[in-house]
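Pasting query.txt here (compact mmCIF, C-alpha atoms):
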```txt
# COMPACT_ATOMS: atom_id res chain seq x y z
CA MET A 160 13.40 -20.73 -15.17
CA LEU A 161 14.57 -17.14 -14.84
CA ASP A 162 16.40 -15.53 -17.75
CA VAL A 163 17.95 -12.08 -17.65
CA LEU A 164 18.91 -10.84 -21.10
CA ASP A 165 21.30 -7.94 -21.62
CA LEU A 166 19.80 -6.03 -18.72
CA GLY A 167 20.77 -2.42 -18.06
CA CYS A 168 19.86 -0.16 -15.20
CA VAL A 169 19.97 3.63 -15.01
CA ARG A 170 19.28 5.54 -11.80
CA GLY A 171 18.99 9.27 -12.29
CA GLU A 172 21.91 10.17 -14.56
CA ARG A 173 24.01 7.18 -13.63
CA GLN A 174 24.41 3.91 -15.46
CA LEU A 175 24.53 1.30 -12.68
CA PHE A 176 25.15 -1.73 -14.82
CA ALA A 177 24.62 -2.78 -18.41
CA GLY A 178 24.66 -5.92 -20.49
CA LEU A 179 23.89 -8.19 -17.56
CA THR A 180 22.90 -11.66 -18.67
CA LEU A 181 22.17 -14.58 -16.38
CA HIS A 182 20.21 -17.80 -16.44
CA ALA A 183 18.86 -19.49 -13.35
CA ALA A 184 17.56 -23.03 -13.82
CA PRO A 185 15.38 -24.76 -11.20
CA GLY A 186 17.45 -25.46 -8.09
CA ALA A 187 19.80 -22.55 -8.69
CA CYS A 188 20.87 -20.00 -6.11
CA VAL A 189 22.17 -16.76 -7.61
CA TRP A 190 24.28 -14.60 -5.34
CA ILE A 191 24.47 -11.03 -6.60
CA ALA A 192 27.69 -9.52 -5.31
CA GLY A 193 28.84 -5.94 -5.59
CA GLU A 194 29.85 -2.99 -3.47
CA ASN A 195 27.44 -0.42 -2.05
CA GLY A 196 25.82 1.51 -4.86
CA ALA A 197 26.59 -1.12 -7.48
CA GLY A 198 22.87 -1.51 -8.18
CA LYS A 199 22.04 -4.73 -6.37
CA THR A 200 18.73 -3.54 -4.97
CA SER A 201 17.80 -1.93 -8.29
CA LEU A 202 18.58 -5.22 -10.02
CA LEU A 203 16.39 -7.18 -7.61
CA ARG A 204 13.53 -4.69 -7.97
CA THR A 205 13.86 -4.99 -11.75
CA LEU A 206 13.80 -8.79 -11.47
CA CYS A 207 10.59 -8.47 -9.42
CA GLY A 208 9.01 -6.31 -12.09
CA LEU A 209 8.68 -3.35 -9.71
CA MET A 210 11.04 -1.30 -11.89
CA ALA A 211 11.07 -1.17 -15.66
CA PRO A 212 14.47 -2.13 -17.07
CA ALA A 213 16.34 0.66 -18.87
CA ALA A 214 17.51 -1.93 -21.38
CA GLY A 215 17.10 -5.64 -21.88
CA GLU A 216 14.50 -8.01 -20.56
CA VAL A 217 13.69 -10.28 -17.62
CA ARG A 218 11.98 -13.51 -18.64
CA TRP A 219 10.22 -16.10 -16.53
CA ASP A 220 9.65 -19.44 -18.29
CA GLY A 221 10.30 -17.66 -21.58
CA SER A 222 7.90 -14.71 -21.24
CA ASP A 223 8.63 -11.11 -20.30
CA VAL A 224 7.73 -10.56 -16.63
CA ARG A 225 6.30 -7.12 -17.45
CA THR A 226 3.58 -8.81 -19.50
CA LEU A 227 3.10 -11.84 -17.23
CA ARG A 228 2.40 -9.59 -14.21
CA GLU A 229 0.11 -11.44 -11.76
CA ASP A 230 1.00 -14.82 -13.29
CA TYR A 231 4.64 -14.10 -12.48
CA TRP A 232 3.99 -12.56 -9.08
CA SER A 233 1.99 -15.58 -7.96
CA THR A 234 5.22 -17.62 -8.23
CA LEU A 235 7.43 -14.92 -6.72
CA LEU A 236 8.30 -14.09 -3.14
CA TYR A 237 10.24 -10.88 -2.51
CA VAL A 238 11.76 -9.88 0.81
CA GLY A 239 13.19 -6.42 0.35
CA HIS A 240 15.68 -4.57 2.50
CA LEU A 241 12.65 -3.03 4.18
CA ASN A 242 10.95 -5.71 6.21
CA GLY A 243 7.49 -5.14 4.82
CA ILE A 244 5.82 -5.79 8.14
CA LYS A 245 3.45 -3.57 10.08
CA ASP A 246 4.76 -2.34 13.43
CA ASP A 247 1.27 -2.15 14.91
CA LEU A 248 0.36 -5.75 14.08
CA THR A 249 1.59 -8.80 15.92
CA ALA A 250 4.11 -11.17 14.37
CA LEU A 251 1.38 -13.73 13.79
CA GLU A 252 -0.94 -11.21 12.11
CA ASN A 253 1.88 -10.05 9.85
CA VAL A 254 2.72 -13.55 8.67
CA ARG A 255 -0.93 -14.50 8.22
CA LEU A 256 -1.50 -11.37 6.17
CA ALA A 257 1.46 -12.21 3.94
CA ALA A 258 0.03 -15.69 3.38
CA THR A 259 -3.41 -14.24 2.58
CA LEU A 260 -1.93 -11.80 0.05
CA ASN A 261 -0.30 -14.77 -1.63
CA GLY A 262 -3.52 -16.68 -1.96
CA ALA A 263 -3.97 -18.61 1.30
CA ALA A 264 -7.44 -18.65 2.85
CA ALA A 265 -7.67 -16.78 6.15
CA ASP A 266 -8.66 -19.91 8.04
CA ALA A 267 -7.38 -21.93 10.98
CA ALA A 268 -4.86 -23.80 8.79
CA ASN A 269 -3.35 -20.46 7.80
CA ALA A 270 -2.99 -19.50 11.48
CA GLU A 271 -1.37 -22.84 12.27
CA ASN A 272 1.07 -22.50 9.33
CA ALA A 273 2.00 -18.98 10.38
CA ALA A 274 2.61 -20.06 13.98
CA ALA A 275 4.73 -22.99 12.76
CA ALA A 276 6.75 -20.64 10.54
CA LEU A 277 7.44 -18.31 13.45
CA ARG A 278 8.46 -21.23 15.66
CA ARG A 279 10.80 -22.43 12.95
CA LEU A 280 12.51 -19.05 12.93
CA GLY A 281 12.91 -19.04 16.69
CA LEU A 282 10.09 -16.65 17.54
CA ALA A 283 8.05 -19.03 19.72
CA GLY A 284 6.41 -17.05 22.49
CA ARG A 285 6.69 -13.79 20.52
CA GLU A 286 3.75 -14.46 18.19
CA ARG A 287 1.28 -12.19 19.92
CA VAL A 288 3.31 -9.11 20.75
CA ALA A 289 3.27 -6.06 18.47
CA THR A 290 6.29 -6.18 16.20
CA ARG A 291 7.23 -2.63 17.22
CA THR A 292 8.54 -4.10 20.50
CA LEU A 293 10.75 -6.66 18.75
CA SER A 294 14.45 -6.16 18.02
CA GLN A 295 15.76 -5.54 14.48
CA GLY A 296 16.84 -9.15 14.14
CA GLN A 297 13.48 -10.43 15.34
CA LYS A 298 11.66 -8.15 12.89
CA ARG A 299 13.84 -9.53 10.12
CA ARG A 300 12.84 -13.02 11.21
CA VAL A 301 9.16 -12.10 11.06
CA ALA A 302 9.70 -10.81 7.51
CA LEU A 303 11.54 -13.98 6.53
CA ALA A 304 8.85 -16.21 8.06
CA ARG A 305 6.99 -15.46 4.82
CA LEU A 306 9.35 -17.94 3.15
CA CYS A 307 7.63 -20.77 5.06
CA VAL A 308 4.01 -19.84 4.38
CA VAL A 309 3.96 -19.32 0.60
CA PRO A 310 4.55 -22.80 -0.85
CA ALA A 311 3.48 -21.71 -4.34
CA ALA A 312 6.46 -19.37 -4.67
CA ARG A 313 9.07 -20.97 -6.92
CA LEU A 314 11.28 -17.91 -7.11
CA TRP A 315 12.61 -16.20 -3.99
CA ILE A 316 14.20 -12.79 -4.36
CA LEU A 317 15.90 -11.80 -1.11
CA ASP A 318 17.57 -8.44 -0.58
CA GLU A 319 20.16 -8.76 2.20
CA PRO A 320 18.20 -11.48 4.03
CA PHE A 321 20.91 -12.01 6.67
CA THR A 322 21.16 -8.42 7.86
CA ALA A 323 20.70 -8.10 11.64
CA LEU A 324 20.34 -11.87 12.08
CA ASP A 325 22.44 -13.76 14.65
CA ALA A 326 24.34 -16.95 13.81
CA ALA A 327 21.36 -19.19 14.56
CA GLY A 328 19.10 -17.03 12.41
CA VAL A 329 21.55 -17.09 9.50
CA ALA A 330 21.79 -20.88 9.76
CA ALA A 331 17.97 -21.23 9.81
CA ILE A 332 17.59 -19.07 6.69
CA ALA A 333 20.45 -20.87 4.91
CA ALA A 334 18.71 -24.17 5.64
CA LEU A 335 15.43 -22.81 4.23
CA ILE A 336 17.24 -21.67 1.08
CA GLY A 337 18.85 -25.10 0.71
CA ALA A 338 15.50 -26.86 1.14
CA HIS A 339 13.93 -24.55 -1.44
CA GLN A 340 16.69 -25.39 -3.93
CA ASP A 341 16.20 -29.10 -3.29
CA LYS A 342 12.54 -28.72 -4.24
CA GLY A 343 13.55 -27.12 -7.54
CA GLY A 344 13.03 -23.54 -6.44
CA ILE A 345 15.20 -20.63 -7.55
CA VAL A 346 16.76 -18.15 -5.12
CA VAL A 347 18.27 -14.79 -6.02
CA LEU A 348 19.89 -12.98 -3.12
CA THR A 349 22.35 -10.30 -2.19
CA THR A 350 24.49 -10.31 0.92
CA HIS A 351 27.74 -8.86 2.19
CA GLN A 352 28.16 -11.62 4.75
CA GLU A 353 30.06 -14.83 4.21
CA VAL A 354 27.32 -17.41 4.53
CA ASP A 355 27.62 -21.15 4.08
CA LEU A 356 24.77 -22.06 1.79
CA PRO A 357 24.09 -25.79 1.54
CA GLY A 358 23.28 -25.86 -2.18
CA PRO A 359 25.28 -24.82 -5.27
CA VAL A 360 25.74 -21.06 -5.63
CA GLN A 361 26.08 -19.12 -8.85
CA ARG A 362 27.93 -15.84 -8.21
CA VAL A 363 27.25 -12.75 -10.30
CA ASP A 364 29.44 -9.70 -9.80
CA LEU A 365 28.05 -6.28 -10.49
CA ALA A 366 30.83 -3.86 -11.44
CA GLY A 367 31.42 -1.05 -8.93
CA GLY A 368 29.39 2.12 -9.00
CA ASP A 369 32.32 4.32 -10.09
CA ARG A 370 31.73 4.08 -13.80
CA ALA A 371 31.55 7.26 -15.87
CA PRO A 372 27.98 8.29 -16.61
CA GLU A 373 26.66 7.37 -20.01
CA PRO A 374 26.08 10.21 -22.48
CA ALA A 375 22.64 11.80 -22.09
CA ARG A 376 19.92 9.53 -23.33
CA MET B 63 -13.22 -10.68 -3.29
CA ARG B 64 -11.35 -12.46 -0.50
CA ILE B 65 -8.33 -10.26 -1.00
CA TRP B 66 -10.58 -7.19 -0.92
CA LEU B 67 -11.98 -8.24 2.44
CA ALA B 68 -8.54 -9.12 3.78
CA VAL B 69 -7.12 -5.70 2.93
CA VAL B 70 -10.14 -3.82 4.32
CA ARG B 71 -9.82 -5.80 7.55
CA ARG B 72 -6.08 -5.14 7.67
CA ASP B 73 -6.53 -1.38 7.36
CA LEU B 74 -9.35 -1.31 9.92
CA LEU B 75 -7.24 -3.38 12.31
CA LEU B 76 -4.30 -1.00 11.86
CA ALA B 77 -6.58 1.97 12.50
CA SER B 78 -7.95 0.33 15.64
CA ARG B 79 -4.36 0.06 16.92
CA ARG B 80 -3.77 3.76 16.19
CA ARG B 81 -7.03 5.42 17.11
CA SER B 82 -5.50 8.88 17.48
CA ASP B 83 -5.19 9.28 13.69
CA MET B 84 -8.91 8.90 13.15
CA ALA B 85 -9.69 11.04 16.21
CA ASN B 86 -7.53 13.83 14.75
CA THR B 87 -9.49 13.85 11.51
CA LEU B 88 -12.84 14.01 13.29
CA ALA B 89 -11.63 16.65 15.75
CA PHE B 90 -10.40 18.76 12.81
CA PHE B 91 -13.84 18.49 11.20
CA ILE B 92 -15.65 19.60 14.36
CA VAL B 93 -13.22 22.45 15.05
CA VAL B 94 -13.49 23.85 11.50
CA VAL B 95 -17.28 23.80 11.63
CA SER B 96 -17.31 25.35 15.10
CA LEU B 97 -15.03 28.20 14.00
CA VAL B 98 -17.44 29.45 11.36
CA PRO B 99 -19.98 31.11 13.72
CA LEU B 100 -17.06 32.87 15.40
CA GLY B 101 -15.99 34.23 12.04
CA VAL B 102 -19.32 35.20 10.45
CA GLY B 103 -21.32 36.06 13.55
CA PRO B 104 -24.02 34.16 15.43
CA GLU B 105 -27.15 35.10 13.44
CA PRO B 106 -29.28 31.91 13.25
CA ALA B 107 -30.80 32.67 9.85
CA LEU B 108 -27.40 33.24 8.24
CA LEU B 109 -25.93 30.15 9.89
CA ARG B 110 -28.88 28.02 8.74
CA THR B 111 -28.18 29.11 5.15
CA ILE B 112 -24.45 28.46 5.14
CA THR B 113 -24.33 25.34 7.33
CA PRO B 114 -24.68 22.75 4.55
CA GLY B 115 -21.91 24.30 2.46
CA MET B 116 -19.63 24.74 5.40
CA VAL B 117 -20.14 21.18 6.65
CA TRP B 118 -19.31 19.96 3.15
CA ILE B 119 -16.16 22.07 2.92
CA ALA B 120 -15.03 20.90 6.36
CA ALA B 121 -15.68 17.28 5.39
CA LEU B 122 -13.66 17.79 2.20
CA LEU B 123 -10.71 19.27 4.12
CA ALA B 124 -10.87 16.59 6.82
CA ALA B 125 -10.82 13.86 4.18
CA MET B 126 -7.81 15.53 2.47
CA LEU B 127 -5.98 15.66 5.81
CA SER B 128 -5.91 11.89 6.14
CA LEU B 129 -5.22 11.18 2.46
CA SER B 130 -1.51 11.89 2.32
CA ARG B 131 -0.88 8.97 4.69
CA LEU B 132 -3.11 6.52 2.81
CA PHE B 133 -0.20 4.91 0.98
CA ALA B 134 2.75 6.70 2.60
CA ASP B 135 2.89 4.46 5.69
CA ASP B 136 2.79 1.31 3.58
CA HIS B 137 5.48 2.76 1.32
CA ALA B 138 7.75 3.63 4.25
CA ASP B 139 7.74 0.16 5.85
CA GLY B 140 7.91 -1.81 2.61
CA THR B 141 4.45 -3.38 2.83
CA LEU B 142 3.40 -1.52 -0.32
CA ASP B 143 5.93 -3.57 -2.33
CA GLN B 144 4.31 -6.70 -0.94
CA LEU B 145 0.85 -5.47 -1.98
CA LEU B 146 2.15 -4.63 -5.48
CA LEU B 147 3.69 -8.09 -5.86
CA GLY B 148 0.59 -9.98 -4.76
CA ARG B 149 -0.99 -12.60 -6.94
CA GLU B 150 -4.33 -10.80 -6.94
CA PRO B 151 -5.04 -7.80 -9.19
CA LEU B 152 -3.78 -4.57 -7.64
CA VAL B 153 -7.07 -2.90 -8.59
CA LEU B 154 -8.89 -4.96 -5.95
CA ILE B 155 -6.31 -4.10 -3.30
CA VAL B 156 -6.44 -0.34 -3.91
CA ALA B 157 -10.23 -0.47 -4.05
CA ALA B 158 -10.08 -2.09 -0.61
CA LYS B 159 -7.75 0.61 0.69
CA ALA B 160 -10.08 3.33 -0.59
CA THR B 161 -13.03 1.52 1.03
CA ALA B 162 -11.19 1.36 4.35
CA HIS B 163 -10.37 5.07 4.05
CA TRP B 164 -14.04 5.84 3.54
CA LEU B 165 -15.08 3.66 6.50
CA LEU B 166 -12.56 5.53 8.66
CA THR B 167 -13.25 9.09 7.47
CA GLY B 168 -16.26 9.49 5.17
CA LEU B 169 -18.64 7.40 7.25
CA PRO B 170 -17.80 8.93 10.66
CA LEU B 171 -17.94 12.43 9.13
CA THR B 172 -21.39 11.63 7.76
CA LEU B 173 -22.59 10.47 11.16
CA LEU B 174 -21.10 13.53 12.88
CA ALA B 175 -22.89 15.84 10.46
CA LEU B 176 -26.23 14.96 12.06
CA PRO B 177 -25.51 16.44 15.52
CA LEU B 178 -23.74 19.40 13.85
CA GLY B 179 -26.83 20.05 11.73
CA VAL B 180 -28.99 20.03 14.86
CA VAL B 181 -26.59 22.41 16.63
CA PHE B 182 -26.90 24.86 13.73
CA ASP B 183 -30.70 24.65 13.89
CA LEU B 184 -31.35 22.88 10.58
CA ASP B 185 -34.84 21.36 10.43
CA GLY B 186 -35.30 17.59 10.29
CA GLY B 187 -35.62 17.36 6.51
CA SER B 188 -32.51 19.48 5.91
CA CYS B 189 -30.52 17.39 8.36
CA ALA B 190 -31.61 14.19 6.65
CA THR B 191 -30.72 15.64 3.24
CA LEU B 192 -27.31 16.75 4.49
CA VAL B 193 -26.54 13.31 5.90
CA ALA B 194 -27.81 11.60 2.74
CA SER B 195 -25.70 13.85 0.52
CA LEU B 196 -22.57 13.14 2.59
CA LEU B 197 -23.29 9.43 2.63
CA LEU B 198 -23.59 9.33 -1.16
CA GLY B 199 -20.83 11.84 -1.94
CA THR B 200 -17.99 11.00 0.43
CA PRO B 201 -17.10 7.70 -1.33
CA ALA B 202 -16.18 9.78 -4.38
CA LEU B 203 -13.91 11.93 -2.17
CA SER B 204 -12.02 8.90 -0.87
CA LEU B 205 -11.64 7.41 -4.35
CA ILE B 206 -10.60 10.59 -6.15
CA GLY B 207 -8.35 11.50 -3.25
CA ALA B 208 -6.63 8.12 -3.37
CA VAL B 209 -5.59 8.82 -6.97
CA GLY B 210 -3.88 12.00 -5.80
CA ALA B 211 -2.30 10.21 -2.85
CA ALA B 212 -0.91 7.51 -5.16
CA LEU B 213 0.46 10.05 -7.63
CA THR B 214 2.27 12.11 -4.98
CA LEU B 215 3.64 9.10 -3.09
CA GLY B 216 7.26 9.61 -2.12
CA LEU B 217 7.37 13.26 -3.18
CA ARG B 218 8.51 15.95 -0.79
CA GLY B 219 5.61 18.10 0.36
CA GLY B 220 3.24 15.41 -0.88
CA GLY B 221 0.52 16.45 1.59
CA VAL B 222 0.02 19.91 0.13
CA LEU B 223 0.36 18.59 -3.39
CA VAL B 224 -2.43 16.06 -2.79
CA SER B 225 -4.77 18.87 -1.81
CA LEU B 226 -3.81 20.97 -4.83
CA LEU B 227 -4.35 18.03 -7.16
CA VAL B 228 -7.48 16.64 -5.63
CA LEU B 229 -9.50 19.64 -4.46
CA PRO B 230 -10.28 20.93 -7.99
CA LEU B 231 -11.44 17.44 -8.97
CA THR B 232 -13.87 17.31 -6.06
CA VAL B 233 -15.69 20.50 -7.10
CA PRO B 234 -18.67 18.66 -8.68
CA VAL B 235 -19.13 16.61 -5.49
CA LEU B 236 -19.09 19.78 -3.40
CA ILE B 237 -21.55 21.60 -5.68
CA PHE B 238 -24.11 18.82 -5.76
CA GLY B 239 -23.60 17.91 -2.10
CA ALA B 240 -24.16 21.39 -0.73
CA GLY B 241 -26.75 22.07 -3.45
CA ALA B 242 -28.93 19.17 -2.30
CA VAL B 243 -29.71 20.81 1.03
CA GLU B 244 -30.25 24.25 -0.55
CA THR B 245 -32.71 22.76 -3.00
CA TYR B 246 -34.60 21.09 -0.16
CA ALA B 247 -34.63 24.34 1.83
CA GLY B 248 -36.00 26.08 -1.30
CA GLY B 249 -38.96 23.71 -1.29
CA LEU B 250 -37.88 21.42 -4.14
CA SER B 251 -36.99 17.75 -4.08
CA PRO B 252 -33.23 17.12 -3.64
CA GLN B 253 -33.56 13.85 -5.53
CA ALA B 254 -31.75 15.04 -8.66
CA HIS B 255 -28.74 16.22 -6.65
CA LEU B 256 -28.59 13.00 -4.67
CA LEU B 257 -28.80 10.90 -7.82
CA LEU B 258 -25.98 12.92 -9.39
CA LEU B 259 -23.87 12.40 -6.26
CA THR B 260 -24.54 8.67 -6.46
CA GLY B 261 -23.53 8.77 -10.12
CA LEU B 262 -20.27 10.53 -9.27
CA SER B 263 -19.46 7.98 -6.58
CA VAL B 264 -20.29 5.04 -8.82
CA ALA B 265 -18.23 6.47 -11.66
CA ALA B 266 -15.33 7.06 -9.27
CA ALA B 267 -15.64 3.49 -7.95
CA ALA B 268 -15.50 2.15 -11.50
CA LEU B 269 -12.59 4.27 -12.78
CA ALA B 270 -10.48 5.44 -9.84
CA PRO B 271 -9.05 2.02 -8.81
CA TRP B 272 -7.43 1.60 -12.24
CA ALA B 273 -5.90 5.07 -12.00
CA ILE B 274 -4.72 4.44 -8.42
CA ALA B 275 -3.11 1.12 -9.39
CA ALA B 276 -1.32 2.66 -12.37
CA ALA B 277 -0.17 5.66 -10.31
CA LEU B 278 1.20 3.41 -7.54
CA ARG B 279 3.24 1.36 -10.01
CA ILE B 280 4.77 4.56 -11.39
CA SER B 281 5.43 5.97 -7.92
CA VAL B 282 7.40 2.99 -6.60
CA GLU B 283 9.80 2.82 -9.57
```
What is this structure when it is put down as structure tokens?
Amino acid sequence: MLDVLDLGCVRGERQLFAGLTLHAAPGACVWIAGENGAGKTSLLRTLCGLMAPAAGEVRWDGSDVRTLREDYWSTLLYVGHLNGIKDDLTALENVRLAATLNGAAADAANAENAAAALRRLGLAGRERVATRTLSQGQKRRVALARLCVVPAARLWILDEPFTALDAAGVAAIAALIGAHQDKGGIVVLTTHQEVDLPGPVQRVDLAGGDRAPEPAR
Amino acid sequence: MRIWLAVVRRDLLLASRRRSDMANTLAFFIVVVSLVPLGVGPEPALLRTITPGMVWIAALLAAMLSLSRLFADDHADGTLDQLLLGREPLVLIVAAKATAHWLLTGLPLTLLALPLGVVFDLDGGSCATLVASLLLGTPALSLIGAVGAALTLGLRGGGVLVSLLVLPLTVPVLIFGAGAVETYAGGLSPQAHLLLLTGLSVAAAALAPWAIAAALRISVE
């Protein structure tokens, strides 16, 4: 259960948004909408606990995520607008590493899971090439393959997951999101694309970034 | 412990795919040391006296050279966010990154110091003391340096800033490191210097990871 209470975000001198409140129950998919510069990425990074909120609080199961720290992060999976994969490693090594960071043992089962995840995202036959030689869309798929190898993650925070993906890739990710919702997981995502998501979607609009700056704090 | 091993292996694997980075550091070390006789003249007695200090300074500069990229690459491709959001304590992860940095710079520099010592006509005991002092002191360089690298992450001109921040903090390591060989050459036991170096490295290992972790969290905001 993710609760955002009266959240505000300030970047530099600019107030991006303020007074944002939202509740995401198990099975919810929250779509953060807003134009460029509205503060979507800042909001997601605040939800992750990477950024301290300028005002308000983000709560997970009733506790502030800034105090839960590792307990919160062990249930969280974040795919940022940067892919978070190493160009010099192969697709398989990248996915295995992500699983290891999230608590999986580096054993044969881990390798099998990672290979299955890559196959599921249409990267069969590309597992053992360095990701630097893959296309943008394929790199995005490698990054999103993390979604299949971290079963403990109840909350997915996805920043523009569909960028650079083709129609088949978008459909595969949408299906993953639907399956996650069916299992009682929570998804928070941003996207500018019109995507048919199988589950119910809760839309949150961030006001545009053209608001007058707040008086000096 | 598993996460520590996984991150060390990751960084070593990445380095093995980009060997030129490590080669640059070692080449820099050798070139700096080789320039000194050209600058101060080729008198063997003089060179014997200044070799330990100059090897230590070169090792310090070579370690600094590779520090600015310790977290910068991970920051640029987004993998740092993934490390920060892991379920394991960040302290273990940054300790692993500092360990990998030492294995890729401190350890090879230590091993290279032996042939350099022989080239500059140090006797066997002095060579051994020099290598021992580097072996015990360079972990502190990697750890202290990683704090600076974490603090300057994402800043323009971070590379120079790391050196300005970190070099003053490494003065004790330099003094006791170079001092160990001088003491031996003066006929005394270098044990006290080596123990102090060990102490500095152990203290850095105990404290630096917490500082690195805190600095990284501030830097990514």
Margin query: Please find the residues of chain A near chain B - the criterion being any atom within 9 Å, counting all atoms listed in the file - and write them as JSON, numbers by chain.
Written below: {"A": [204, 207, 208, 209, 210, 211, 228, 229, 230, 231, 232, 233, 234, 235, 236, 237, 238, 239, 240, 241, 242, 243, 244, 245, 246, 247, 248, 256, 257, 259, 260, 261, 262, 264, 265]}
Kindly extract all protein, DNA and RNA residues lying within 12 Å of the coordinates (19.7, 1.6, -13.3) given in the file, considering all atoms listed in the file, and supply them as an mmCIF file with C-alpha atoms, in the frame of the given file.
```cif
data_model
loop_
_atom_site.group_PDB
_atom_site.id
_atom_site.type_symbol
_atom_site.label_atom_id
_atom_site.label_comp_id
_atom_site.auth_asym_id
_atom_site.auth_seq_id
_atom_site.Cartn_x
_atom_site.Cartn_y
_atom_site.Cartn_z
ATOM 1 C CA LEU A 166 19.800 -6.030 -18.720
ATOM 2 C CA GLY A 167 20.770 -2.420 -18.060
ATOM 3 C CA CYS A 168 19.860 -0.160 -15.200
ATOM 4 C CA VAL A 169 19.970 3.630 -15.010
ATOM 5 C CA ARG A 170 19.280 5.540 -11.800
ATOM 6 C CA GLY A 171 18.990 9.270 -12.290
ATOM 7 C CA GLU A 172 21.910 10.170 -14.560
ATOM 8 C CA ARG A 173 24.010 7.180 -13.630
ATOM 9 C CA GLN A 174 24.410 3.910 -15.460
ATOM 10 C CA LEU A 175 24.530 1.300 -12.680
ATOM 11 C CA PHE A 176 25.150 -1.730 -14.820
ATOM 12 C CA ALA A 177 24.620 -2.780 -18.410
ATOM 13 C CA GLY A 178 24.660 -5.920 -20.490
ATOM 14 C CA LEU A 179 23.890 -8.190 -17.560
ATOM 15 C CA GLY A 196 25.820 1.510 -4.860
ATOM 16 C CA ALA A 197 26.590 -1.120 -7.480
ATOM 17 C CA GLY A 198 22.870 -1.510 -8.180
ATOM 18 C CA LYS A 199 22.040 -4.730 -6.370
ATOM 19 C CA THR A 200 18.730 -3.540 -4.970
ATOM 20 C CA SER A 201 17.800 -1.930 -8.290
ATOM 21 C CA LEU A 202 18.580 -5.220 -10.020
ATOM 22 C CA LEU A 203 16.390 -7.180 -7.610
ATOM 23 C CA ARG A 204 13.530 -4.690 -7.970
ATOM 24 C CA THR A 205 13.860 -4.990 -11.750
ATOM 25 C CA MET A 210 11.040 -1.300 -11.890
ATOM 26 C CA ALA A 211 11.070 -1.170 -15.660
ATOM 27 C CA PRO A 212 14.470 -2.130 -17.070
ATOM 28 C CA ALA A 213 16.340 0.660 -18.870
ATOM 29 C CA ALA A 214 17.510 -1.930 -21.380
ATOM 30 C CA GLY A 215 17.100 -5.640 -21.880
ATOM 31 C CA LEU A 365 28.050 -6.280 -10.490
ATOM 32 C CA GLY A 368 29.390 2.120 -9.000
ATOM 33 C CA PRO A 372 27.980 8.290 -16.610
ATOM 34 C CA GLU A 373 26.660 7.370 -20.010
ATOM 35 C CA GLU B 283 9.800 2.820 -9.570
#
```
Item checked: region 113-122 of chain B environment, 7 Å, all atoms listed in the file, sequence neighbours closer than 6 positions dropped, as a ChimeraX atom specification -> /B:91,94-95,171,182,192,236,240,243
Could you please take those selected residues and save C-alpha atoms as a PDB file, in the frame of the given file?
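Saved the output as selection.pdb:
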```pdb
ATOM      1  CA  PHE B  91     -13.840  18.490  11.200  1.00  0.00           C
ATOM      2  CA  VAL B  94     -13.490  23.850  11.500  1.00  0.00           C
ATOM      3  CA  VAL B  95     -17.280  23.800  11.630  1.00  0.00           C
ATOM      4  CA  LEU B 171     -17.940  12.430   9.130  1.00  0.00           C
ATOM      5  CA  PHE B 182     -26.900  24.860  13.730  1.00  0.00           C
ATOM      6  CA  LEU B 192     -27.310  16.750   4.490  1.00  0.00           C
ATOM      7  CA  LEU B 236     -19.090  19.780  -3.400  1.00  0.00           C
ATOM      8  CA  ALA B 240     -24.160  21.390  -0.730  1.00  0.00           C
ATOM      9  CA  VAL B 243     -29.710  20.810   1.030  1.00  0.00           C
TER      10      VAL B 243
END
```
Next item on the list: Just give me the gap between CA of Arg279 (chain A) and CA of Ile316 (chain A) in Å, one decimal is fine.
Entry: 20.1 Å
Notebook entry, point to check: What is the CA of Pro359 (chain A) to CA of Met160 (chain A) distance in Å?
Noted result: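 So the two atoms, CA of Pro359 (chain A) and CA of Met160 (chain A), lie 16.0 Å apart.
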Next item on the list: Write out as a list of chain:residue names which residues come within 12 Å of Ile92 (chain B) when counting all atoms listed in the file, dropping same-chain ones fewer than 5 positions away.
Entry: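 Listing them by chain and then by number gives B:Ala85, B:Asn86, B:Thr87, B:Leu97, B:Val98, B:Met116, B:Val117, B:Trp118, B:Ile119, B:Ala120, B:Ala121, B:Leu123, B:Ala124, B:Pro170, B:Leu171, B:Thr172, B:Leu173, B:Leu174, B:Ala175, B:Leu176, B:Pro177, B:Leu178, B:Gly179, B:Val181.
When CA of Asn272 (chain A) is paired with CA of Val288 (chain A), their separation reads 17.7 Å.
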Next item on the list: Just the residues within 9 Å of Leu129 (chain B), please, counting only C-alpha atoms, with nothing from its chain fewer than 6 positions along; format it as a PyMOL selection string.
Entry: chain B and resi 163+204+207-208+210-211+221+224-225
Next item on the list: Go through A:Leu314, A:Ser294, A:Arg305, A:Gly281 one by one, measure the shortest atom-to-atom distance of each to His339 (chain A) using all atoms listed in the file, and give the residue with the smallest value.
Entry: A:Leu314
Checklist line | Protein, DNA and RNA residues within 12 Å of (-4.8, 16.3, -6.3), all atoms listed in the file, as JSON, numbers by chain | finding: {"B": [126, 129, 130, 203, 204, 205, 206, 207, 208, 209, 210, 211, 212, 213, 214, 215, 220, 221, 222, 223, 224, 225, 226, 227, 228, 229, 230, 231, 232, 233]}
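Minimum distance to Ala276 (chain B) across B:Pro234, B:Glu105, B:Ala242, B:Val156 (counting all atoms listed in the file) occurs at B:Val156.
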